[in-house]
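**Student:** My file is data_3.pdb. It has PDB, C-alpha atoms and all ligand atoms:
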ATOM      1  CA  MET A   1     -15.349 -16.395  29.290  1.00  0.00           C
ATOM      2  CA  THR A   2     -12.962 -13.460  29.566  1.00  0.00           C
ATOM      3  CA  GLU A   3     -14.497 -11.077  27.022  1.00  0.00           C
ATOM      4  CA  PRO A   4     -17.967  -9.482  27.079  1.00  0.00           C
ATOM      5  CA  LYS A   5     -20.385 -10.567  24.364  1.00  0.00           C
ATOM      6  CA  GLY A   6     -21.994  -7.756  22.380  1.00  0.00           C
ATOM      7  CA  GLU A   7     -21.647  -4.002  22.082  1.00  0.00           C
ATOM      8  CA  LEU A   8     -21.149  -1.664  25.023  1.00  0.00           C
ATOM      9  CA  ALA A   9     -24.575  -0.064  25.523  1.00  0.00           C
ATOM     10  CA  ILE A  10     -24.141   1.788  28.816  1.00  0.00           C
ATOM     11  CA  ARG A  11     -21.379   2.480  31.336  1.00  0.00           C
ATOM     12  CA  THR A  12     -22.136   3.927  34.752  1.00  0.00           C
ATOM     13  CA  LEU A  13     -20.955   4.110  38.357  1.00  0.00           C
ATOM     14  CA  ALA A  14     -22.514   2.151  41.227  1.00  0.00           C
ATOM     15  CA  MET A  15     -23.240   4.749  43.910  1.00  0.00           C
ATOM     16  CA  PRO A  16     -23.874   4.374  47.663  1.00  0.00           C
ATOM     17  CA  ALA A  17     -27.557   5.236  47.115  1.00  0.00           C
ATOM     18  CA  ASP A  18     -27.858   2.064  44.983  1.00  0.00           C
ATOM     19  CA  ALA A  19     -26.725  -0.261  47.803  1.00  0.00           C
ATOM     20  CA  ASN A  20     -28.805  -2.774  49.725  1.00  0.00           C
ATOM     21  CA  PRO A  21     -28.756  -2.954  53.558  1.00  0.00           C
ATOM     22  CA  ALA A  22     -25.750  -5.325  53.427  1.00  0.00           C
ATOM     23  CA  GLY A  23     -23.711  -2.730  51.538  1.00  0.00           C
ATOM     24  CA  ASP A  24     -23.601  -4.420  48.135  1.00  0.00           C
ATOM     25  CA  ILE A  25     -25.440  -2.997  45.132  1.00  0.00           C
ATOM     26  CA  PHE A  26     -29.171  -3.767  45.037  1.00  0.00           C
ATOM     27  CA  GLY A  27     -29.998  -6.355  42.373  1.00  0.00           C
ATOM     28  CA  GLY A  28     -32.964  -4.356  41.128  1.00  0.00           C
ATOM     29  CA  TRP A  29     -30.664  -1.464  40.276  1.00  0.00           C
ATOM     30  CA  VAL A  30     -28.488  -3.779  38.172  1.00  0.00           C
ATOM     31  CA  ILE A  31     -31.556  -5.173  36.387  1.00  0.00           C
ATOM     32  CA  SER A  32     -32.773  -1.646  35.625  1.00  0.00           C
ATOM     33  CA  GLN A  33     -29.389  -0.735  34.101  1.00  0.00           C
ATOM     34  CA  MET A  34     -29.626  -3.827  31.901  1.00  0.00           C
ATOM     35  CA  ASP A  35     -33.185  -2.942  30.896  1.00  0.00           C
ATOM     36  CA  ILE A  36     -32.004   0.565  29.932  1.00  0.00           C
ATOM     37  CA  ALA A  37     -29.076  -0.885  27.946  1.00  0.00           C
ATOM     38  CA  GLY A  38     -31.362  -3.288  26.115  1.00  0.00           C
ATOM     39  CA  GLY A  39     -33.972  -0.580  25.562  1.00  0.00           C
ATOM     40  CA  ILE A  40     -31.430   1.741  23.937  1.00  0.00           C
ATOM     41  CA  THR A  41     -30.233  -1.061  21.661  1.00  0.00           C
ATOM     42  CA  ALA A  42     -33.756  -2.219  20.798  1.00  0.00           C
ATOM     43  CA  ALA A  43     -35.047   1.309  20.127  1.00  0.00           C
ATOM     44  CA  ALA A  44     -32.138   1.958  17.768  1.00  0.00           C
ATOM     45  CA  ARG A  45     -32.860  -1.259  15.862  1.00  0.00           C
ATOM     46  CA  ALA A  46     -36.635  -0.682  15.876  1.00  0.00           C
ATOM     47  CA  HIS A  47     -36.206   2.970  14.818  1.00  0.00           C
ATOM     48  CA  GLY A  48     -38.533   4.093  17.578  1.00  0.00           C
ATOM     49  CA  ARG A  49     -40.370   3.270  20.750  1.00  0.00           C
ATOM     50  CA  VAL A  50     -40.083  -0.162  22.368  1.00  0.00           C
ATOM     51  CA  ALA A  51     -41.271  -1.812  25.590  1.00  0.00           C
ATOM     52  CA  THR A  52     -39.817  -4.706  27.544  1.00  0.00           C
ATOM     53  CA  ILE A  53     -42.121  -7.724  27.332  1.00  0.00           C
ATOM     54  CA  ALA A  54     -40.016 -10.476  28.939  1.00  0.00           C
ATOM     55  CA  VAL A  55     -36.809 -11.221  30.817  1.00  0.00           C
ATOM     56  CA  THR A  56     -35.485 -14.785  30.921  1.00  0.00           C
ATOM     57  CA  GLY A  57     -32.368 -16.689  31.886  1.00  0.00           C
ATOM     58  CA  PHE A  58     -31.263 -14.138  34.441  1.00  0.00           C
ATOM     59  CA  THR A  59     -28.259 -14.959  36.652  1.00  0.00           C
ATOM     60  CA  PHE A  60     -26.429 -12.918  39.269  1.00  0.00           C
ATOM     61  CA  HIS A  61     -22.927 -14.383  39.091  1.00  0.00           C
ATOM     62  CA  LYS A  62     -21.092 -12.006  41.455  1.00  0.00           C
ATOM     63  CA  PRO A  63     -21.947  -9.065  43.710  1.00  0.00           C
ATOM     64  CA  VAL A  64     -21.535  -5.495  42.499  1.00  0.00           C
ATOM     65  CA  LYS A  65     -19.801  -3.179  44.961  1.00  0.00           C
ATOM     66  CA  VAL A  66     -20.226   0.535  45.605  1.00  0.00           C
ATOM     67  CA  GLY A  67     -17.704   2.344  43.397  1.00  0.00           C
ATOM     68  CA  ASP A  68     -17.639  -0.309  40.685  1.00  0.00           C
ATOM     69  CA  VAL A  69     -17.826   0.890  37.091  1.00  0.00           C
ATOM     70  CA  VAL A  70     -20.735  -1.067  35.634  1.00  0.00           C
ATOM     71  CA  CYS A  71     -20.789  -1.833  31.907  1.00  0.00           C
ATOM     72  CA  CYS A  72     -23.746  -3.426  30.106  1.00  0.00           C
ATOM     73  CA  TYR A  73     -23.134  -5.153  26.778  1.00  0.00           C
ATOM     74  CA  ALA A  74     -25.982  -5.910  24.378  1.00  0.00           C
ATOM     75  CA  ASP A  75     -26.023  -8.676  21.794  1.00  0.00           C
ATOM     76  CA  ILE A  76     -29.053  -8.841  19.479  1.00  0.00           C
ATOM     77  CA  GLN A  77     -29.936 -12.528  19.306  1.00  0.00           C
ATOM     78  CA  LYS A  78     -33.161 -12.532  17.320  1.00  0.00           C
ATOM     79  CA  ILE A  79     -35.423 -10.226  15.338  1.00  0.00           C
ATOM     80  CA  GLY A  80     -39.005 -11.471  15.229  1.00  0.00           C
ATOM     81  CA  THR A  81     -42.062  -9.913  13.618  1.00  0.00           C
ATOM     82  CA  THR A  82     -42.602  -7.336  16.354  1.00  0.00           C
ATOM     83  CA  SER A  83     -39.968  -8.399  18.893  1.00  0.00           C
ATOM     84  CA  ILE A  84     -36.233  -8.017  19.393  1.00  0.00           C
ATOM     85  CA  THR A  85     -34.430 -10.435  21.727  1.00  0.00           C
ATOM     86  CA  ILE A  86     -31.188  -9.197  23.249  1.00  0.00           C
ATOM     87  CA  GLY A  87     -28.666 -10.933  25.480  1.00  0.00           C
ATOM     88  CA  ILE A  88     -27.333  -8.498  28.059  1.00  0.00           C
ATOM     89  CA  GLU A  89     -24.179  -9.048  30.082  1.00  0.00           C
ATOM     90  CA  THR A  90     -23.068  -6.779  32.901  1.00  0.00           C
ATOM     91  CA  TRP A  91     -19.392  -6.533  33.686  1.00  0.00           C
ATOM     92  CA  ALA A  92     -17.917  -4.679  36.680  1.00  0.00           C
ATOM     93  CA  LEU A  93     -14.581  -2.960  37.037  1.00  0.00           C
ATOM     94  CA  HIS A  94     -13.809  -2.866  40.731  1.00  0.00           C
ATOM     95  CA  SER A  95     -12.747   0.488  42.111  1.00  0.00           C
ATOM     96  CA  GLY A  96      -8.975   0.775  42.316  1.00  0.00           C
ATOM     97  CA  ASP A  97      -8.499  -2.096  39.871  1.00  0.00           C
ATOM     98  CA  SER A  98      -9.802  -0.840  36.550  1.00  0.00           C
ATOM     99  CA  ASN A  99      -7.725  -3.410  34.655  1.00  0.00           C
ATOM    100  CA  THR A 100      -9.767  -6.325  35.950  1.00  0.00           C
ATOM    101  CA  ARG A 101     -13.356  -6.743  34.828  1.00  0.00           C
ATOM    102  CA  ILE A 102     -15.641  -9.569  35.778  1.00  0.00           C
ATOM    103  CA  LYS A 103     -19.022 -10.680  34.484  1.00  0.00           C
ATOM    104  CA  VAL A 104     -21.506 -10.059  37.292  1.00  0.00           C
ATOM    105  CA  THR A 105     -24.890 -10.706  35.662  1.00  0.00           C
ATOM    106  CA  GLU A 106     -26.490 -11.845  32.434  1.00  0.00           C
ATOM    107  CA  GLY A 107     -30.003 -12.182  31.106  1.00  0.00           C
ATOM    108  CA  VAL A 108     -32.073 -12.235  27.953  1.00  0.00           C
ATOM    109  CA  PHE A 109     -34.417  -9.289  27.448  1.00  0.00           C
ATOM    110  CA  THR A 110     -37.177  -9.219  24.827  1.00  0.00           C
ATOM    111  CA  PHE A 111     -38.557  -5.912  23.583  1.00  0.00           C
ATOM    112  CA  VAL A 112     -41.577  -5.211  21.387  1.00  0.00           C
ATOM    113  CA  ALA A 113     -41.660  -2.358  18.892  1.00  0.00           C
ATOM    114  CA  LEU A 114     -44.542   0.017  19.628  1.00  0.00           C
ATOM    115  CA  ASP A 115     -46.333   2.676  17.627  1.00  0.00           C
ATOM    116  CA  LYS A 116     -47.224   6.067  19.038  1.00  0.00           C
ATOM    117  CA  ASN A 117     -50.391   4.622  20.585  1.00  0.00           C
ATOM    118  CA  GLY A 118     -48.502   1.894  22.436  1.00  0.00           C
ATOM    119  CA  ASN A 119     -49.638  -0.879  20.090  1.00  0.00           C
ATOM    120  CA  LYS A 120     -47.163  -3.412  18.724  1.00  0.00           C
ATOM    121  CA  ARG A 121     -45.794  -2.784  15.247  1.00  0.00           C
ATOM    122  CA  PRO A 122     -43.468  -4.745  12.939  1.00  0.00           C
ATOM    123  CA  VAL A 123     -39.742  -4.259  13.425  1.00  0.00           C
ATOM    124  CA  PRO A 124     -38.675  -2.472  10.233  1.00  0.00           C
ATOM    125  CA  PRO A 125     -35.945  -3.858   7.970  1.00  0.00           C
ATOM    126  CA  GLU A 126     -32.481  -2.638   8.887  1.00  0.00           C
TER     127      GLU A 126
HETATM  128  C1  LIG A 201     -45.890  -4.950  24.406  1.00  0.00           C
HETATM  129  C2  LIG A 201     -47.372  -5.265  24.182  1.00  0.00           C
HETATM  130  C3  LIG A 201     -48.064  -4.089  23.476  1.00  0.00           C
HETATM  131  C4  LIG A 201     -47.424  -6.487  23.251  1.00  0.00           C
HETATM  132  O1  LIG A 201     -48.752  -6.820  22.999  1.00  0.00           O
HETATM  133  P1  LIG A 201     -49.212  -8.346  22.998  1.00  0.00           P
HETATM  134  O2  LIG A 201     -50.529  -8.448  22.323  1.00  0.00           O
HETATM  135  O3  LIG A 201     -49.080  -8.848  24.391  1.00  0.00           O
HETATM  136  O4  LIG A 201     -48.116  -9.004  22.049  1.00  0.00           O
HETATM  137  P2  LIG A 201     -47.893 -10.519  21.632  1.00  0.00           P
HETATM  138  O5  LIG A 201     -48.366 -11.506  22.627  1.00  0.00           O
HETATM  139  O6  LIG A 201     -48.388 -10.646  20.220  1.00  0.00           O
HETATM  140  O7  LIG A 201     -46.304 -10.578  21.609  1.00  0.00           O
HETATM  141  C5  LIG A 201     -45.562  -9.616  20.849  1.00  0.00           C
HETATM  142  C6  LIG A 201     -44.201 -10.206  20.581  1.00  0.00           C
HETATM  143  O8  LIG A 201     -43.559 -10.494  21.831  1.00  0.00           O
HETATM  144  C7  LIG A 201     -43.219 -11.872  21.901  1.00  0.00           C
HETATM  145  N1  LIG A 201     -43.451 -12.327  23.266  1.00  0.00           N
HETATM  146  C8  LIG A 201     -44.613 -12.297  23.955  1.00  0.00           C
HETATM  147  N2  LIG A 201     -44.440 -12.815  25.181  1.00  0.00           N
HETATM  148  C9  LIG A 201     -43.128 -13.192  25.252  1.00  0.00           C
HETATM  149  C10 LIG A 201     -42.357 -13.832  26.247  1.00  0.00           C
HETATM  150  N3  LIG A 201     -42.864 -14.168  27.442  1.00  0.00           N
HETATM  151  N4  LIG A 201     -41.065 -14.085  25.992  1.00  0.00           N
HETATM  152  C11 LIG A 201     -40.502 -13.753  24.793  1.00  0.00           C
HETATM  153  N5  LIG A 201     -41.205 -13.148  23.787  1.00  0.00           N
HETATM  154  C12 LIG A 201     -42.511 -12.893  24.031  1.00  0.00           C
HETATM  155  C13 LIG A 201     -44.157 -12.572  20.925  1.00  0.00           C
HETATM  156  O9  LIG A 201     -43.587 -13.804  20.487  1.00  0.00           O
HETATM  157  C14 LIG A 201     -44.234 -11.525  19.824  1.00  0.00           C
HETATM  158  O10 LIG A 201     -43.049 -11.566  19.055  1.00  0.00           O
HETATM  159  P3  LIG A 201     -43.066 -11.597  17.416  1.00  0.00           P
HETATM  160  O11 LIG A 201     -44.091 -10.610  16.931  1.00  0.00           O
HETATM  161  O12 LIG A 201     -41.676 -11.167  17.035  1.00  0.00           O
HETATM  162  O13 LIG A 201     -43.387 -12.998  17.025  1.00  0.00           O
HETATM  163  C15 LIG A 201     -48.114  -5.590  25.515  1.00  0.00           C
HETATM  164  O14 LIG A 201     -47.744  -6.885  25.960  1.00  0.00           O
HETATM  165  C16 LIG A 201     -47.730  -4.583  26.586  1.00  0.00           C
HETATM  166  O15 LIG A 201     -48.090  -3.417  26.515  1.00  0.00           O
HETATM  167  N6  LIG A 201     -46.994  -5.051  27.617  1.00  0.00           N
HETATM  168  C17 LIG A 201     -46.491  -4.177  28.671  1.00  0.00           C
HETATM  169  C18 LIG A 201     -45.121  -3.622  28.286  1.00  0.00           C
HETATM  170  C19 LIG A 201     -44.543  -2.789  29.409  1.00  0.00           C
HETATM  171  O16 LIG A 201     -45.211  -1.984  30.013  1.00  0.00           O
HETATM  172  N7  LIG A 201     -43.232  -3.012  29.663  1.00  0.00           N
HETATM  173  C20 LIG A 201     -42.553  -2.339  30.724  1.00  0.00           C
HETATM  174  C21 LIG A 201     -42.706  -3.134  31.982  1.00  0.00           C
HETATM  175  S1  LIG A 201     -42.313  -2.185  33.408  1.00  0.00           S
END
Write the structure described by the file as structure tokens, please.
Ligand SMILES: CC(C)(COP(=O)(O)OP(=O)(O)OC[C@H]1O[C@@H](n2cnc3c(N)ncnc32)[C@H](O)[C@@H]1OP(=O)(O)O)[C@@H](O)C(=O)NCCC(=O)NCCS
**Tutor:**
Amino acid sequence: MTEPKGELAIRTLAMPADANPAGDIFGGWVISQMDIAGGITAAARAHGRVATIAVTGFTFHKPVKVGDVVCCYADIQKIGTTSITIGIETWALHSGDSNTRIKVTEGVFTFVALDKNGNKRPVPPE
């Protein structure tokens, strides 16, 4: 696949502080960016607070390097009663070669709509 699936949800820069001891970007940082991207998308659809309940089908395809521009794309796959399931793809533009982007990770994140007390609530109609 040469094109990202979904809408651009966040775009950020991989910094030296996000690297692992080998010098590549720490996988947990990438996962957190994807969780943020999915959370923004889910909260917009749920018209309010959401929490991540599950992450499945996660794959690290390629390493992310310091200086890469990291873009997370969100594709809403399913609206349940209280849950929203979103496929997230992360694509990286390597520093010095902003014309080439590659898919580095993907995963499926499920969010649950919450009320102000942190209890689940139905996802409202669009
Ligand atoms: C979110 C929370 C309030 C949901 O309460 P709950 O009683 O566990 O909810 P349920 O088991 O009824 O599941 C709620 C929805 O999530 C879905 N769900 C539950 N477990 C799931 C899983 N492993 N994978 C995919 N979907 C799942 C259910 O199918 C349901 O969807 P639906 O209403 O659209 O059919 C509760 O689980 C919670 O607070 N979890 C912690 C959330 C959190 O802190 N996240 C941040 C982690 S750092």
**Student:** Got a sec: who's within 7 Å of range 106-116 of chain A, counting all atoms listed in the file, leaving out chain neighbours fewer than 4 positions off, as a list in words?
**Tutor:**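 The contact residues come out as Gly38, Ala42, Ala46, Arg49, Val50, Ala51, Thr52, Ile53, Ala54, Val55, Thr56, Gly57, Phe58, Thr59, Phe60, Thr82, Ser83, Ile84, Thr85, Ile86, Gly87, Ile88, Glu89, Thr90, Lys120, Arg121, Pro122 and Val123 of chain A.
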**Student:** Looking at all atoms listed in the file, which of A:Thr41, A:Val104, A:His94, A:Ser32 is the one that sits closest to ligand LIG 201 (chain A)?
**Tutor:**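 The closest residue to ligand LIG 201 (chain A) is A:Ser32.
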**Student:** Please report the interatomic distance between CA of Thr105 in chain A and CA of Ala92 in chain A in Å with one decimal.
**Tutor:**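 A separation of 9.3 Å between them.
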**Student:** I'd like to see the residues matched by the PyMOL selection byres (((chain A and resi 102) around 8) and not hetatm) on this file, and ideally I'd get them as an MDAnalysis selection string.
**Tutor:** chainID A and resid 2 91:93 100:101 103:104
**Student:** Give me, please, the distance in Å between CA of Arg11 in chain A and CA of Lys78 in chain A, quoted to one decimal.
**Tutor:**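 Between these atoms lies a distance of 23.7 Å.
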**Student:** For the provided coordinates, the residues matched by the PyMOL selection byres (((chain A and resi 73) around 6) and not hetatm) should be stated as number ranges by chain.
**Tutor:** A: 6-9, 72, 74, 88-89
**Student:** I need the residue nearest Ile25 in chain A from this list: A:Val70, A:Lys65, A:Lys5, A:Arg45. Use only C-alpha atoms for the distance.
**Tutor:** A:Lys65
**Student:** What are the centre and the three edge lengths of an axis-aligned box that wraps all atoms of ligand LIG 201 (chain A) in the file, given that 5 Å is added to every side, written as AutoDock Vina command-line options and rounded to one decimal in Å?
**Tutor:**
--center_x -45.5 --center_y -8.1 --center_z 25.2 --size_x 20.0 --size_y 22.2 --size_z 26.5
**Student:** Under the rule that only C-alpha atoms and all ligand atoms are counted, which of A:Ile36, A:Met15, A:Ile10, A:Cys71 is the nearest residue to ligand LIG 201 (chain A)?
**Tutor:**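 With only C-alpha atoms and all ligand atoms as the atom set, the closest residue is A:Ile36.
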